[in-house]
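Each remark here refers to the structure printed beneath this line.
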Amino acid sequence: MKKQEALYDYALRLGDNSLVLGHRLAELCSKGPILEEDLALTNMALDHIGRAQAFLGYAAQVEGKNKTADDLAYKRGERSFYNNLIMELPDKDFASTIARQLIVSAFEFFLYTELMKSKDETIAAISAKAVKEVRYHLAHSSDWTCRLGEGTELSHTKMQRAINDVWMFTEELFEMNEVDKLLIKEGIAVDLDSLKPQWLNHIKEVIEEATLVLPESGYMQTGSRKGIHTEYLGHILSEMQYLQRAYPTAQW
Amino acid sequence: MVIAVYTKEDIFDILSTIPDPEIPVVSIQEMGMLRDVILSEEGCEVIITPTYTGCPAMGMIEEDIKQTLKEKGVADVKVKLVYAPAWTTDWMSSEAKEKMRKYGIAPPVSVACNKLHAFGKNEFVKCPHCNSAQTELISMFGSTACKALYKCEKCKEPFEYFKCH
C-alpha cells in the first residue's frame with residue numbers, strides 16, 4: 001500500500017464517520033423530545049455534515065481523479081464506506097441517541113485533539129476546527145447522560161439499557177489496519193490504542209456521575225475497516241443518495 | 001485591467017462593508033472571517049475562514065464578496081475557504097461585540113475557552129437587555145451553530161449568546 005492510498009482511506013474514514021452520523025442526527029429534525037433538543041441535535045448534524053464536506057473534499061483531492069466531496073458522498077456503494085458501525089445505529093429512543101452521542105463525542109474529542117498535531121496540514125487544520133465543535137457535543141451528551149441516569153426510575157432504566165446496547169460497538173472505534181500502521185509512521189495518523197484509556201476514563205466518569213453501571217465487555221462487533229456494515233447503512237444510503245442516483249447530473 | 005486601480009487596502013475597505021448574513025449589524029471583517037486578499041496577474045483572491053465547519057452562511061458570503069467586487073469593477077474574483085488557523089471568537093473586535101450586544105445577542109465572554117467542560121459548566125453571561133448577571137443557560141445550541149440559548153432571571157427575557165469558540 002502506498003502512502004497516497006492510505007491517506008485517501010484515512011480521509012474517507014474520517015469523512016464517512018461524519019457524514020453517516022450527520023445524516024442520522026439530521027433525521028431527528030422535528031422529532032426531538034423538546035424544541036431545544038431538536039435544535040441541539042440538528043446543530044450537531046450540521047457540524048458533522050460540514051466536517052464530512054471538508055474531509056471528503058480532501059479525500060477527493062488526494063485521490064486525484066477530479067472528483068468532489070459530493071461525488072464521494074453520493075456515488076459510492078455501502079461496501080466502499082468506511083464509517084464505524086456505531087454511526088449507523090438507528091435512534092430507538094432519546095436514551096439511545098444520547099448513548100451513541102456520548103460514546104462517539106468522547107472518542108472524537110480525544111481523536112481530534114491528537115489529530116491537531118498531525119503532520120498532514122489539512123487533517124490538522126480540519127481537526128483543530130472540529131475539536132472546538134466536538135467539545136460542545138461532548139458537554140451536551142455527558143450532561144444528558146447524567147440527567148437521564150439521575151432522573152426518574154424509567155429514564156434511568158432506559159439510559160442504562162441504551163448504554164448496554166451500544167457497548168458492543170465501542171471496540172471497533174479503536175481498530176487499526178495497515179492504513180493506520182503506515183500513517184502512524186509518517187506522523188499523520190493517531191495510534192488509537194493510546195486514545196482508549198483517556199476515552200474510557202471519561203466514559204467511566206460520566207457513567208458513575210449518572211449513577212449508571214459500566215457494561216461488561218462481551219462480544220464486540222467489527223467490520224467497517226473492511227467495508228462490512230450493519231443492515232442499517234444500506235437503508236441510510238438509499239435515502240441519502242436517492243436524488244443523485246435518480247438524476248445523476250442534478251445540481252443545487 | 002481594472003484591478004490595477006485598487007490596492008489590497010482598497011479591496012479590504014470594500015469588503016468590510018459586507019454584513020454577516022446571520023448578524024447583519026457586524027461585518028464579515030469585524031467577525032474575523034475575512035483573512036486575506038491576494039492581488040495578482042490572474043485577478044483577486046479573497047481568503048475567508050468559516051466560523052463553524054458546517055456554517056450555511058459561507059456560500060452566501062462567497063456570493064456577496066463576488067457581487068460586491070463586481071459592482072466596483074473588479075473582475076476575476078476567486079474566493080478561497082481555509083480552515084487554518086481555526087477561527088476563534090477572540091478575533092472579534094470589541095466594537096463588533098458591542099454592536100452585537102446592542103442587537104440583542106450577548107457577545108462571547110473574554111477569551112476562547114479551550115478547556116473540556118464535561119458537565120456543561122455555564123459561562124458567566126450577562127443579559128444583553130438589562131445587563132444582569134443573573135442568567136441561566138437553557139441550551140448550548142441555538143438558532144445557529146454559533147449561538148446558545150439563555151434566559152435572564154431579572155428581566156425575564158430569553159436571549160441568545162454567541163458562544164466562545
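Following the order of the C-alpha cells, chains are lettered A, B, ..., residues in each are numbered from 1, and ligands are numbered from 1.
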Long-range neighbours of Phe110 in chain A as a PyMOL selection string, 8 Å cut-off, only C-alpha atoms, 4 positions minimum in chain: chain A and resi 106+114+195+198-199
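Once Cys155 in chain B and its same-chain neighbours fewer than 2 positions away are set aside, His129, Cys130, Cys152, Glu153 and Glu157 of chain B remain within 8 Å of it when counting only C-alpha atoms.
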Distance CA of Val37 in chain B-CA of Gln251 in chain A, one decimal place? 29.3 Å
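Counting from CA of Ser105 in chain A, the distance to CA of Ala139 in chain A is 8.9 Å.
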Each residue of chain A with at least one atom at most 8 Å from chain B should appear once, together with its nearest atom pair and the corresponding distance in Å (one decimal); atoms considered: only C-alpha atoms; ordering: chain, then increasing residue number; output as a Markdown table.
```
| residue | atom | partner | partner_atom | distance |
| --- | --- | --- | --- | --- |
| A:Glu36 | CA | B:Ser139 | CA | 6.3 |
| A:Glu37 | CA | B:Ser139 | CA | 7.9 |
| A:Leu39 | CA | B:Gly142 | CA | 6.3 |
| A:Ala40 | CA | B:Phe141 | CA | 4.8 |
| A:Asn43 | CA | B:Ala145 | CA | 5.6 |
| A:Met44 | CA | B:Ala145 | CA | 8.0 |
| A:Leu46 | CA | B:Gly54 | CA | 5.2 |
| A:Asp47 | CA | B:Gly54 | CA | 4.9 |
| A:His48 | CA | B:Gly54 | CA | 7.2 |
| A:Ile49 | CA | B:Gly54 | CA | 6.2 |
| A:Gly50 | CA | B:Gly54 | CA | 3.5 |
| A:Arg51 | CA | B:Thr53 | CA | 5.7 |
| A:Ala54 | CA | B:Thr53 | CA | 7.7 |
| A:Ala125 | CA | B:Ala84 | CA | 5.0 |
| A:Ile126 | CA | B:Tyr83 | CA | 6.1 |
| A:Ala128 | CA | B:Ala86 | CA | 6.3 |
| A:Lys129 | CA | B:Ala86 | CA | 5.4 |
| A:Ala130 | CA | B:Thr53 | CA | 7.4 |
| A:Lys132 | CA | B:His165 | CA | 6.3 |
| A:Glu133 | CA | B:Tyr52 | CA | 7.6 |
| A:Arg135 | CA | B:Leu116 | CA | 6.4 |
| A:Tyr136 | CA | B:Met140 | CA | 7.4 |
| A:Leu138 | CA | B:Ala118 | CA | 6.7 |
| A:Ala139 | CA | B:Ala118 | CA | 4.8 |
| A:His140 | CA | B:Gly120 | CA | 6.6 |
| A:Ser142 | CA | B:Phe119 | CA | 6.0 |
| A:Asp143 | CA | B:Phe119 | CA | 5.2 |
```
Please produce an output containing C-alpha atoms for each residue in the selection, written as a CSV table (one decimal), in the first residue's frame.
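Below is the file selection.csv, written as the result:
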```csv
chain,number,residue,atom,x,y,z
A,36,GLU,CA,-34.4,22.9,22.4
A,37,GLU,CA,-33.2,19.4,21.8
A,39,LEU,CA,-32.2,22.5,17.7
A,40,ALA,CA,-29.3,20.9,19.5
A,43,ASN,CA,-27.0,21.8,15.1
A,44,MET,CA,-24.7,18.8,15.7
A,46,LEU,CA,-24.7,20.5,10.7
A,47,ASP,CA,-21.3,20.3,12.4
A,48,HIS,CA,-20.9,16.7,11.2
A,49,ILE,CA,-22.0,17.4,7.6
A,50,GLY,CA,-19.7,20.4,7.5
A,51,ARG,CA,-16.8,18.3,8.7
A,54,ALA,CA,-14.1,19.1,4.5
A,125,ALA,CA,-6.5,22.2,10.2
A,126,ILE,CA,-9.8,20.4,10.0
A,128,ALA,CA,-8.4,22.0,15.0
A,129,LYS,CA,-11.7,23.3,13.8
A,130,ALA,CA,-13.6,20.1,14.7
A,132,LYS,CA,-13.9,23.2,19.1
A,133,GLU,CA,-17.3,21.9,17.9
A,135,ARG,CA,-16.3,20.0,22.9
A,136,TYR,CA,-19.9,21.2,22.9
A,138,LEU,CA,-19.4,16.1,24.5
A,139,ALA,CA,-20.7,18.5,27.1
A,140,HIS,CA,-24.2,18.0,25.7
A,142,SER,CA,-22.3,14.0,29.1
A,143,ASP,CA,-24.9,16.3,30.6
```
